[in-house]
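Trainee: Structure file data-v1.txt (compact mmCIF, C-alpha atoms and all ligand atoms) is given on the next line.
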# COMPACT_ATOMS: atom_id res chain seq x y z
CA MET A 50 0.00 0.00 0.00
CA ALA A 51 1.25 3.46 -0.85
CA THR A 52 2.47 5.74 1.92
CA THR A 53 0.35 8.88 1.98
CA TYR A 54 1.73 12.23 3.09
CA ARG A 55 -0.26 15.36 3.85
CA ILE A 56 1.68 18.29 2.45
CA ALA A 57 0.64 21.85 3.31
CA VAL A 58 1.32 23.89 0.17
CA LEU A 59 1.85 27.63 0.60
CA ALA A 60 2.38 29.13 -2.85
CA GLY A 61 2.50 32.71 -1.54
CA ASP A 62 3.22 35.70 -3.78
CA GLY A 63 5.11 36.78 -6.92
CA ILE A 64 6.70 33.82 -8.67
CA GLY A 65 5.46 31.55 -5.86
CA PRO A 66 2.48 30.04 -7.72
CA GLU A 67 4.56 29.37 -10.90
CA ILE A 68 7.37 27.53 -9.14
CA THR A 69 4.94 25.72 -6.82
CA ALA A 70 3.06 24.28 -9.79
CA VAL A 71 6.31 22.81 -11.13
CA ALA A 72 7.31 21.34 -7.74
CA LEU A 73 3.92 19.68 -7.23
CA ASP A 74 4.00 18.20 -10.76
CA VAL A 75 7.46 16.80 -10.07
CA LEU A 76 6.32 15.27 -6.78
CA GLN A 77 3.33 13.70 -8.52
CA ALA A 78 5.61 12.36 -11.24
CA ILE A 79 7.91 10.51 -8.83
CA ALA A 80 5.16 9.34 -6.44
CA PRO A 81 4.21 6.05 -8.16
CA ARG A 82 7.83 4.95 -8.59
CA PHE A 83 8.39 5.13 -4.82
CA ASP A 84 4.90 4.00 -3.82
CA LEU A 85 4.03 7.40 -2.40
CA GLU A 86 0.84 9.42 -2.42
CA PHE A 87 0.65 13.13 -1.73
CA ASP A 88 -2.36 14.87 -0.33
CA PHE A 89 -1.66 18.52 -1.16
CA LEU A 90 -3.36 21.01 1.19
CA PRO A 91 -3.21 24.55 -0.24
CA ALA A 92 -3.16 27.40 2.29
CA LEU A 93 -2.79 31.16 2.20
CA VAL A 94 0.24 33.09 3.43
CA GLY A 95 1.87 36.48 2.84
CA GLY A 96 0.47 39.15 0.56
CA SER A 97 -2.08 36.86 -1.06
CA ALA A 98 -3.44 36.07 2.43
CA ILE A 99 -3.58 39.79 3.25
CA ASP A 100 -5.58 40.42 0.08
CA ALA A 101 -7.92 37.47 0.71
CA VAL A 102 -8.53 37.63 4.45
CA GLY A 103 -6.70 40.70 5.76
CA GLU A 104 -3.80 39.06 7.59
CA PRO A 105 -0.50 37.50 6.49
CA LEU A 106 -0.84 34.27 8.49
CA PRO A 107 -4.48 33.25 8.89
CA ALA A 108 -5.13 30.87 11.82
CA ALA A 109 -6.47 28.30 9.34
CA THR A 110 -3.09 28.22 7.60
CA LEU A 111 -1.22 27.52 10.82
CA THR A 112 -3.71 24.76 11.65
CA THR A 113 -3.30 23.18 8.22
CA CYS A 114 0.48 23.31 8.58
CA ARG A 115 0.43 21.80 12.07
CA GLN A 116 -1.76 18.94 10.85
CA SER A 117 0.51 18.16 7.90
CA ASP A 118 3.54 15.92 7.58
CA ALA A 119 5.56 18.71 5.95
CA VAL A 120 5.09 22.26 4.72
CA LEU A 121 6.18 23.34 1.26
CA LEU A 122 6.40 27.13 0.91
CA ALA A 123 7.40 29.12 -2.17
CA ALA A 124 7.91 32.81 -1.29
CA ILE A 125 6.06 35.82 0.03
CA GLY A 126 6.24 39.58 -0.38
CA GLY A 127 5.87 42.39 -2.86
CA THR A 128 6.05 46.17 -2.98
CA GLN A 129 2.25 46.57 -2.88
CA TRP A 130 2.28 45.40 0.76
CA ASP A 131 5.43 47.28 1.86
CA THR A 132 3.58 50.32 3.18
CA LEU A 133 1.25 48.35 5.47
CA PRO A 134 1.87 48.49 9.22
CA ARG A 135 4.54 45.96 10.21
CA HIS A 136 2.11 43.49 11.82
CA LEU A 137 0.25 43.25 8.50
CA ARG A 138 3.24 42.79 6.22
CA PRO A 139 3.86 39.50 4.37
CA GLU A 140 7.24 39.02 6.11
CA THR A 141 5.47 39.11 9.49
CA GLY A 142 3.39 36.13 8.35
CA LEU A 143 6.50 34.17 7.48
CA LEU A 144 8.20 34.96 10.79
CA ALA A 145 5.00 33.98 12.63
CA LEU A 146 4.78 30.72 10.68
CA ARG A 147 8.36 29.79 11.60
CA ALA A 148 7.71 30.68 15.23
CA GLY A 149 4.30 28.94 15.26
CA LEU A 150 5.85 25.69 14.03
CA GLY A 151 8.75 26.01 16.48
CA LEU A 152 11.26 25.96 13.62
CA PHE A 153 14.48 27.08 15.20
CA ALA A 154 17.00 25.55 12.78
CA ASN A 155 17.37 26.57 9.17
CA LEU A 156 19.58 24.40 6.97
CA ARG A 157 20.78 26.00 3.75
CA PRO A 158 23.06 23.96 1.53
CA ALA A 159 25.15 25.72 -1.11
CA LYS A 160 26.46 23.09 -3.46
CA ILE A 161 27.89 23.88 -6.86
CA PHE A 162 26.44 21.92 -9.74
CA PRO A 163 29.46 21.25 -12.00
CA GLN A 164 27.42 22.37 -15.03
CA LEU A 165 26.91 25.80 -13.42
CA VAL A 166 30.47 26.59 -12.36
CA HIS A 167 30.54 29.32 -15.03
CA ALA A 168 27.29 30.89 -13.81
CA SER A 169 29.06 32.15 -10.69
CA SER A 170 30.55 35.61 -10.63
CA LEU A 171 33.62 34.06 -8.98
CA LYS A 172 36.43 32.32 -10.87
CA PRO A 173 35.75 28.65 -11.68
CA GLU A 174 38.83 27.51 -9.75
CA VAL A 175 37.51 29.28 -6.63
CA ILE A 176 34.04 27.88 -6.95
CA ALA A 177 34.36 24.34 -8.35
CA GLY A 178 33.71 21.76 -5.67
CA VAL A 179 32.05 24.07 -3.14
CA ASP A 180 29.74 22.06 -0.90
CA LEU A 181 28.77 23.84 2.30
CA MET A 182 25.85 24.05 4.67
CA VAL A 183 24.77 27.13 6.61
CA VAL A 184 22.90 26.29 9.82
CA ARG A 185 21.08 29.47 10.83
CA GLU A 186 19.23 30.06 14.09
CA LEU A 187 15.74 31.07 13.07
CA THR A 188 13.46 32.00 15.94
CA GLY A 189 15.67 34.12 18.20
CA GLY A 190 18.15 36.92 17.95
CA ILE A 191 17.54 40.43 16.70
CA TYR A 192 14.47 39.56 14.61
CA PHE A 193 12.52 38.71 17.76
CA GLY A 194 14.35 40.41 20.65
CA GLN A 195 12.57 42.92 22.90
CA PRO A 196 12.48 45.86 23.22
CA ARG A 197 11.85 46.77 19.62
CA GLY A 198 10.14 49.68 17.93
CA ILE A 199 10.48 53.29 16.94
CA PHE A 200 10.27 55.45 20.06
CA THR A 201 10.42 59.17 20.74
CA THR A 202 13.19 60.32 23.04
CA GLU A 203 12.86 62.97 25.77
CA THR A 204 14.20 65.53 23.31
CA GLY A 205 11.48 64.61 20.81
CA GLU A 206 13.75 62.77 18.42
CA GLN A 207 12.72 59.44 16.93
CA ARG A 208 14.85 56.44 17.92
CA GLY A 209 14.67 52.99 16.32
CA VAL A 210 15.48 50.02 18.56
CA ASN A 211 16.00 46.31 18.05
CA THR A 212 17.55 43.89 20.49
CA MET A 213 19.88 40.99 19.77
CA ALA A 214 19.45 38.47 22.56
CA TYR A 215 20.03 34.73 22.98
CA THR A 216 19.62 32.53 26.02
CA ALA A 217 22.14 29.79 26.65
CA SER A 218 19.52 27.10 25.93
CA GLU A 219 18.64 28.68 22.57
CA ILE A 220 22.31 28.62 21.62
CA ASP A 221 22.79 25.03 22.79
CA ARG A 222 19.73 23.88 20.83
CA ILE A 223 20.96 25.26 17.50
CA GLY A 224 24.51 24.24 18.38
CA ARG A 225 23.46 20.60 18.72
CA VAL A 226 21.70 20.64 15.34
CA ALA A 227 24.86 22.11 13.82
CA PHE A 228 27.20 19.55 15.39
CA GLU A 229 24.87 16.73 14.30
CA THR A 230 24.71 18.17 10.78
CA ALA A 231 28.50 18.46 10.60
CA ARG A 232 28.69 14.83 11.70
CA GLN A 233 26.69 13.82 8.61
CA ARG A 234 29.12 15.82 6.46
CA ARG A 235 32.90 16.42 6.68
CA ARG A 236 32.93 16.99 10.47
CA GLN A 237 34.09 20.59 10.34
CA LEU A 238 31.96 23.21 12.07
CA CYS A 239 32.68 26.93 11.85
CA SER A 240 30.75 29.09 14.32
CA VAL A 241 30.29 32.68 13.15
CA ASP A 242 29.73 35.55 15.58
CA LYS A 243 30.85 39.07 16.45
CA ALA A 244 32.26 38.27 19.87
CA ASN A 245 34.82 41.08 19.67
CA VAL A 246 31.99 43.63 19.91
CA LEU A 247 28.77 41.93 21.09
CA GLU A 248 28.19 40.31 24.49
CA VAL A 249 25.46 38.14 22.99
CA SER A 250 28.10 36.79 20.61
CA GLN A 251 30.51 36.14 23.47
CA LEU A 252 27.89 33.93 25.09
CA TRP A 253 27.31 32.25 21.70
CA ARG A 254 31.04 31.51 21.38
CA ASP A 255 31.35 30.25 24.97
CA ARG A 256 28.38 27.87 24.61
CA LEU A 257 29.57 26.48 21.25
CA SER A 258 33.02 25.87 22.73
CA ALA A 259 31.50 24.14 25.75
CA LEU A 260 29.28 21.96 23.52
CA SER A 261 32.22 20.88 21.40
CA THR A 262 33.45 18.64 24.24
CA GLU A 263 30.38 16.47 23.52
CA TYR A 264 31.38 16.20 19.85
CA PRO A 265 35.12 15.42 19.91
CA ASP A 266 34.88 14.00 16.38
CA VAL A 267 33.83 17.40 14.97
CA GLU A 268 36.45 20.12 14.56
CA LEU A 269 35.07 23.46 15.81
CA THR A 270 36.47 26.79 14.65
CA HIS A 271 35.23 30.36 15.21
CA LEU A 272 35.15 33.32 12.82
CA TYR A 273 33.93 36.89 13.19
CA VAL A 274 31.08 37.57 10.80
CA ASP A 275 32.95 40.23 8.79
CA ASN A 276 35.83 37.81 8.21
CA ALA A 277 33.38 34.99 7.41
CA ALA A 278 31.78 37.15 4.71
CA MET A 279 35.22 37.80 3.20
CA GLN A 280 36.28 34.16 3.40
CA LEU A 281 33.07 33.00 1.75
CA VAL A 282 33.95 34.92 -1.42
CA ARG A 283 37.75 34.50 -1.14
CA ALA A 284 38.00 30.75 -0.54
CA PRO A 285 34.57 29.15 -0.04
CA LYS A 286 35.88 25.59 -0.32
CA GLN A 287 37.37 25.91 3.19
CA PHE A 288 33.86 25.65 4.67
CA ASP A 289 31.92 22.52 5.48
CA THR A 290 29.22 23.43 8.03
CA ILE A 291 28.69 26.98 9.31
CA VAL A 292 26.51 27.77 12.34
CA THR A 293 25.37 31.28 13.12
CA SER A 294 22.65 33.49 14.52
CA ASN A 295 19.50 34.66 12.76
CA LEU A 296 20.74 38.00 11.37
CA PHE A 297 24.25 36.84 10.42
CA GLY A 298 22.82 33.67 8.88
CA ASP A 299 20.36 35.68 6.81
CA ILE A 300 23.23 37.63 5.25
CA LEU A 301 25.83 34.85 4.96
CA SER A 302 23.39 32.45 3.35
CA ASP A 303 22.67 35.03 0.65
CA ILE A 304 26.40 35.33 0.00
CA ALA A 305 26.58 31.54 -0.16
CA ALA A 306 23.61 31.73 -2.53
CA MET A 307 25.50 33.88 -4.98
CA LEU A 308 28.46 31.48 -4.99
CA THR A 309 26.23 29.09 -6.87
CA GLY A 310 25.55 31.62 -9.61
CA SER A 311 21.86 31.97 -8.99
CA ILE A 312 19.67 32.36 -6.00
CA GLY A 313 17.24 30.29 -8.07
CA MET A 314 19.19 27.10 -7.27
CA LEU A 315 19.09 27.13 -3.46
CA PRO A 316 16.68 25.16 -1.30
CA SER A 317 16.35 25.24 2.47
CA ALA A 318 14.89 23.22 5.30
CA SER A 319 13.66 24.58 8.62
CA LEU A 320 13.31 22.09 11.41
CA GLY A 321 11.92 22.08 14.92
CA GLU A 322 12.14 19.63 17.75
CA SER A 323 9.07 17.75 16.54
CA GLY A 324 6.23 18.35 14.10
CA PRO A 325 6.40 19.19 10.41
CA GLY A 326 9.42 20.86 8.86
CA LEU A 327 9.15 23.79 6.46
CA PHE A 328 10.84 23.49 3.08
CA GLU A 329 11.30 26.56 0.92
CA PRO A 330 13.66 28.16 -1.56
CA VAL A 331 16.13 30.70 -0.20
CA HIS A 332 15.01 33.32 -2.70
CA GLY A 333 12.08 35.68 -2.34
CA SER A 334 9.03 36.28 -4.48
CA ALA A 335 10.99 37.97 -7.31
CA PRO A 336 8.24 40.44 -8.20
CA ASP A 337 10.37 41.78 -11.05
CA ILE A 338 9.86 38.57 -13.05
CA ALA A 339 6.56 37.31 -11.61
CA GLY A 340 3.97 36.08 -14.09
CA GLN A 341 6.42 36.09 -17.00
CA ASP A 342 7.39 32.39 -16.97
CA LYS A 343 11.01 33.45 -16.35
CA ALA A 344 11.49 32.07 -12.83
CA ASN A 345 13.93 29.28 -12.17
CA PRO A 346 11.86 26.57 -10.44
CA LEU A 347 14.88 24.47 -9.42
CA ALA A 348 15.33 25.88 -5.89
CA MET A 349 11.68 25.08 -5.28
CA VAL A 350 12.04 21.58 -6.74
CA LEU A 351 15.22 21.07 -4.68
CA SER A 352 13.21 22.19 -1.63
CA ALA A 353 10.71 19.45 -2.43
CA ALA A 354 13.66 17.05 -2.58
CA MET A 355 14.88 18.29 0.82
CA MET A 356 11.36 17.74 2.12
CA LEU A 357 11.51 14.13 0.95
CA ARG A 358 14.94 13.61 2.52
CA TYR A 359 14.75 15.53 5.82
CA GLY A 360 11.01 15.80 6.39
CA LEU A 361 9.58 12.50 5.13
CA ASN A 362 12.59 10.18 5.30
CA GLN A 363 12.34 9.29 1.61
CA PRO A 364 15.96 9.80 0.51
CA ALA A 365 15.67 7.63 -2.62
CA ALA A 366 12.85 9.78 -4.00
CA ALA A 367 14.86 12.91 -3.14
CA GLN A 368 17.84 11.55 -5.00
CA ALA A 369 15.73 10.73 -8.05
CA ILE A 370 14.67 14.39 -8.24
CA GLU A 371 18.22 15.66 -7.79
CA GLU A 372 19.47 13.31 -10.52
CA ALA A 373 16.74 14.49 -12.88
CA ILE A 374 17.88 18.08 -12.32
CA THR A 375 21.50 17.13 -13.02
CA ALA A 376 20.42 15.33 -16.21
CA VAL A 377 18.39 18.28 -17.51
CA LEU A 378 21.29 20.66 -16.78
CA ASP A 379 23.65 18.23 -18.53
CA GLN A 380 21.39 18.45 -21.59
CA GLY A 381 22.11 22.20 -21.64
CA TYR A 382 18.72 23.56 -20.60
CA ARG A 383 18.82 26.76 -18.53
CA THR A 384 16.39 29.35 -17.23
CA ALA A 385 17.36 32.99 -17.90
CA ASP A 386 19.14 33.45 -14.56
CA LEU A 387 21.58 30.63 -15.44
CA MET A 388 21.82 31.26 -19.17
CA ALA A 389 25.25 30.80 -20.74
CA GLU A 390 26.59 30.57 -24.27
CA GLY A 391 25.68 27.37 -26.05
CA CYS A 392 22.81 26.58 -23.68
CA LYS A 393 19.11 26.34 -24.48
CA LEU A 394 16.91 28.97 -22.84
CA VAL A 395 13.71 27.64 -21.27
CA GLY A 396 10.99 29.14 -19.12
CA CYS A 397 9.75 28.00 -15.73
CA ARG A 398 7.05 25.73 -17.16
CA GLU A 399 9.29 24.11 -19.76
CA MET A 400 11.97 23.41 -17.15
CA GLY A 401 9.27 21.56 -15.21
CA ASP A 402 8.20 19.61 -18.29
CA LEU A 403 11.82 18.60 -18.94
CA LEU A 404 12.17 17.33 -15.38
CA ILE A 405 8.98 15.31 -15.67
CA ARG A 406 10.07 13.84 -18.99
CA GLN A 407 13.39 12.93 -17.41
CA LEU A 408 11.69 11.31 -14.42
CA SER A 409 9.38 9.25 -16.61
CA GLN A 410 12.25 7.67 -18.57
P1 LIG A 501 14.24 38.02 -4.35
O1 LIG A 501 14.97 36.80 -3.93
O2 LIG A 501 12.80 37.90 -4.54
O3 LIG A 501 14.89 38.55 -5.74
C1 LIG A 501 16.25 38.96 -5.86
C2 LIG A 501 16.67 38.84 -7.31
O4 LIG A 501 16.81 37.45 -7.64
C3 LIG A 501 15.65 39.41 -8.30
O5 LIG A 501 16.32 39.98 -9.38
C4 LIG A 501 14.88 38.18 -8.77
O6 LIG A 501 14.34 38.29 -10.07
C5 LIG A 501 15.95 37.09 -8.71
N1 LIG A 501 15.35 35.78 -8.40
C6 LIG A 501 14.87 35.36 -7.20
N2 LIG A 501 14.38 34.13 -7.31
C7 LIG A 501 14.54 33.75 -8.59
C8 LIG A 501 14.22 32.58 -9.32
N3 LIG A 501 13.61 31.52 -8.76
N4 LIG A 501 14.51 32.54 -10.64
C9 LIG A 501 15.12 33.57 -11.24
N5 LIG A 501 15.47 34.71 -10.60
C10 LIG A 501 15.17 34.80 -9.30
O7 LIG A 501 14.61 39.15 -3.30
P2 LIG A 501 14.08 40.67 -3.21
O8 LIG A 501 13.94 41.24 -4.59
O9 LIG A 501 14.99 41.32 -2.24
O10 LIG A 501 12.67 40.58 -2.53
C11 LIG A 501 11.44 40.52 -3.24
C12 LIG A 501 10.32 40.23 -2.28
O11 LIG A 501 10.52 38.92 -1.73
C13 LIG A 501 10.28 41.19 -1.09
O12 LIG A 501 8.94 41.50 -0.81
C14 LIG A 501 10.93 40.41 0.04
O13 LIG A 501 10.45 40.81 1.29
C15 LIG A 501 10.48 39.01 -0.30
N6 LIG A 501 11.34 37.95 0.23
C16 LIG A 501 10.70 36.83 0.64
C17 LIG A 501 11.45 35.75 1.09
C18 LIG A 501 10.73 34.51 1.47
O14 LIG A 501 9.58 34.33 1.13
N7 LIG A 501 11.38 33.60 2.17
C19 LIG A 501 12.85 35.82 1.10
C20 LIG A 501 13.47 36.99 0.65
C21 LIG A 501 12.70 38.04 0.19
Take the structure I supplied and represent it as structure tokens, if you would.

Mentor:
Amino acid sequence: MATTYRIAVLAGDGIGPEITAVALDVLQAIAPRFDLEFDFLPALVGGSAIDAVGEPLPAATLTTCRQSDAVLLAAIGGTQWDTLPRHLRPETGLLALRAGLGLFANLRPAKIFPQLVHASSLKPEVIAGVDLMVVRELTGGIYFGQPRGIFTTETGEQRGVNTMAYTASEIDRIGRVAFETARQRRRQLCSVDKANVLEVSQLWRDRLSALSTEYPDVELTHLYVDNAAMQLVRAPKQFDTIVTSNLFGDILSDIAAMLTGSIGMLPSASLGESGPGLFEPVHGSAPDIAGQDKANPLAMVLSAAMMLRYGLNQPAAAQAIEEAITAVLDQGYRTADLMAEGCKLVGCREMGDLLIRQLSQ
């Protein structure tokens, strides 16, 4: 009997619906081969939820997600919602979803597909062979710390405030995920902080160092975030697993994204202690190309593959998807963001059709 999974599907805004359609078709295409069935449960989030029901994360969406085996999210956001009060913005819905599902660990691989070495803005010899993972803390730090807001001082001047704060247990929790992740990889963990300036980072560094005694097989190093940013573009191959806080991870994972040549190639997984994981591309809703069939659906399809591997424990099905992507790239097909001389330009939909054809061979 087939194994049935309930998948909450949050297509979101911008290019979200286009890339979601491709990912769902790909999942349906591999399902019979691995004796799987998917029950897709569409739900609203972000700007499209604001337009439909007036809030970026409707309660019904959170319920659907909590009752699912995994959540597949495309992207949210767009300029038309940027002037709304902060609690009504699409990004607030995404932050609330991550918090509501207790997703404190964000895993972002940056692996160079050999066919795309020339798509990177860095030299091929710097980039070839890069295979790193950024483990980012997701529910703490400056994005959630209190106090926050724009206040008026005694002299009548406006003052914006955010607070970067971590408790020891929050650091230990993400630290353990990072050490365990490094254990599945090349056993090198680099913790990134700003301990020379920030007390919160000093605590981060102390806790990571203390934890490392539990993982003697993993080599722990520390880097300041400014140096880490430089090293990521200077010599990215030195990295295996990186662990860092919410804000630093947000920035460093975008740098890692550009190593690969296109933000359209990067999936991510967000995991909690129990319950469904959230699987989504690193990129945003790309409003500049939305509705034009120009989006690269591969980060979304790779997110579906991560869902199979990390969320549903179906690594063989995940691998089949990843191999189909490699095969289609080998055949020279590229979306506009990856386009190079001698390659064949395809749109979002056609890239999906090629993957499905590949999977049905
Ligand atoms: P973005 O990632 O949407 O786009 C940055 C650039 O990359 C754009 O030029 C875009 O066309 C391109 N791009 C992104 N994804 C692509 C894909 N799959 N294929 C081809 N090209 C792609 O970032 P942005 O422009 O800073 O933000 C746009 C909106 O997305 C904003 O409202 C922002 O808040 C939101 N956003 C959402 C998420 C999320 O949902 N997780 C993440 C980042 C940004």

Trainee: Find the residues around Thr110 in chain A up to 9 Å (all atoms listed in the file counted), leave out those fewer than 4 positions away in its own chain, and share them as a PyMOL selection string.

Mentor: chain A and resi 57+59+91-94+106+114-115+146

Trainee: Counting all atoms listed in the file, which of A:His167, A:Arg283, A:Arg82, A:Arg138 gets nearest to ligand LIG 501 (chain A)?

Mentor: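 Checking each of A:His167, A:Arg283, A:Arg82, A:Arg138 against ligand LIG 501 (chain A), counting all atoms listed in the file, the winner is A:Arg138.
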
Trainee: Show which residues sit within 7 Å of Thr52 in chain A, as a VMD selection string. Count only C-alpha atoms, and ignore same-chain residues fewer than 3 positions away.

Mentor: chain A and resid 84 to 86

Trainee: Would you mind telling me which residue in A:Leu144, A:Ala365, A:Val183, A:Ala353 lies nearest to Ile300 in chain A when using all atoms listed in the file?

Mentor: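 Under the stated criterion, the closest residue is A:Val183.
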
Trainee: Within 7 Å of ligand LIG 501 (chain A), which residues show up when you count all atoms listed in the file? List them as an MDAnalysis selection string, please.

Mentor: chainID A and resid 123:128 140 312:313 330:338 343:346 348 386

Trainee: So the first atom is CA of Pro265 in chain A and the second is CA of Glu219 in chain A; what is the distance between them in Å, to one decimal place?

Mentor: 21.3 Å

Trainee: Work out how far CA of Ala306 in chain A is from CA of Arg225 in chain A, in Å to one decimal.

Mentor: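 Interatomic distance here is 24.0 Å.
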
Trainee: Using all atoms listed in the file for the distances, tell me which of A:Ala277, A:Leu394, A:Met356, A:Ala373 is nearest to Asp342 in chain A.

Mentor: A:Leu394

Trainee: Which polymer residues have any atom within 10 Å of an atom of Leu281 in chain A, counting all atoms listed in the file, with same-chain residues fewer than 4 positions away left out, as a PDB file with C-alpha atoms, in the frame of the given file?

Mentor:
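Wrote result_32.pdb, looks like this:
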ATOM      1  CA  ASN A 276      35.830  37.810   8.210  1.00  0.00           C
ATOM      2  CA  ALA A 277      33.380  34.990   7.410  1.00  0.00           C
ATOM      3  CA  PRO A 285      34.570  29.150  -0.040  1.00  0.00           C
ATOM      4  CA  LYS A 286      35.880  25.590  -0.320  1.00  0.00           C
ATOM      5  CA  GLN A 287      37.370  25.910   3.190  1.00  0.00           C
ATOM      6  CA  PHE A 288      33.860  25.650   4.670  1.00  0.00           C
ATOM      7  CA  LEU A 301      25.830  34.850   4.960  1.00  0.00           C
ATOM      8  CA  SER A 302      23.390  32.450   3.350  1.00  0.00           C
ATOM      9  CA  ILE A 304      26.400  35.330   0.000  1.00  0.00           C
ATOM     10  CA  ALA A 305      26.580  31.540  -0.160  1.00  0.00           C
ATOM     11  CA  LEU A 308      28.460  31.480  -4.990  1.00  0.00           C
TER      12      LEU A 308
END

Trainee: Interatomic distance between CA of Ala108 in chain A and CA of Asn155 in chain A?

Mentor: 23.1 Å

Trainee: Identify which of the residues A:Met388, A:Met213, A:Leu181, A:Ile68 lies closest to Ile291 in chain A, counting all atoms listed in the file when measuring atom-to-atom distances.

Mentor: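 Closest candidate: A:Leu181.
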
Trainee: Work out where the centre of an axis-aligned box around every listed atom of range 393-405 of chain A lies and how long its edges are once 4 Å is added on each side; give both in Å to one decimal as lines of an AutoDock Vina configuration file.

Mentor:
center_x = 13.1
center_y = 22.2
center_z = -19.8
size_x = 20.1
size_y = 21.8
size_z = 17.3

Trainee: Which polymer residues, protein or nucleic acid, are no farther than 12 Å from (19.0, 16.8, -20.2), counting only C-alpha atoms, as a list of chain:residue names?

Mentor: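 Protein and nucleic acid residues near the point are A:Gln164, A:Glu372, A:Ala373, A:Ile374, A:Thr375, A:Ala376, A:Val377, A:Leu378, A:Asp379, A:Gln380, A:Gly381, A:Tyr382, A:Arg383, A:Cys392, A:Lys393, A:Met400, A:Gly401, A:Asp402, A:Leu403, A:Leu404, A:Ile405, A:Arg406, A:Gln407, A:Leu408, A:Gln410.
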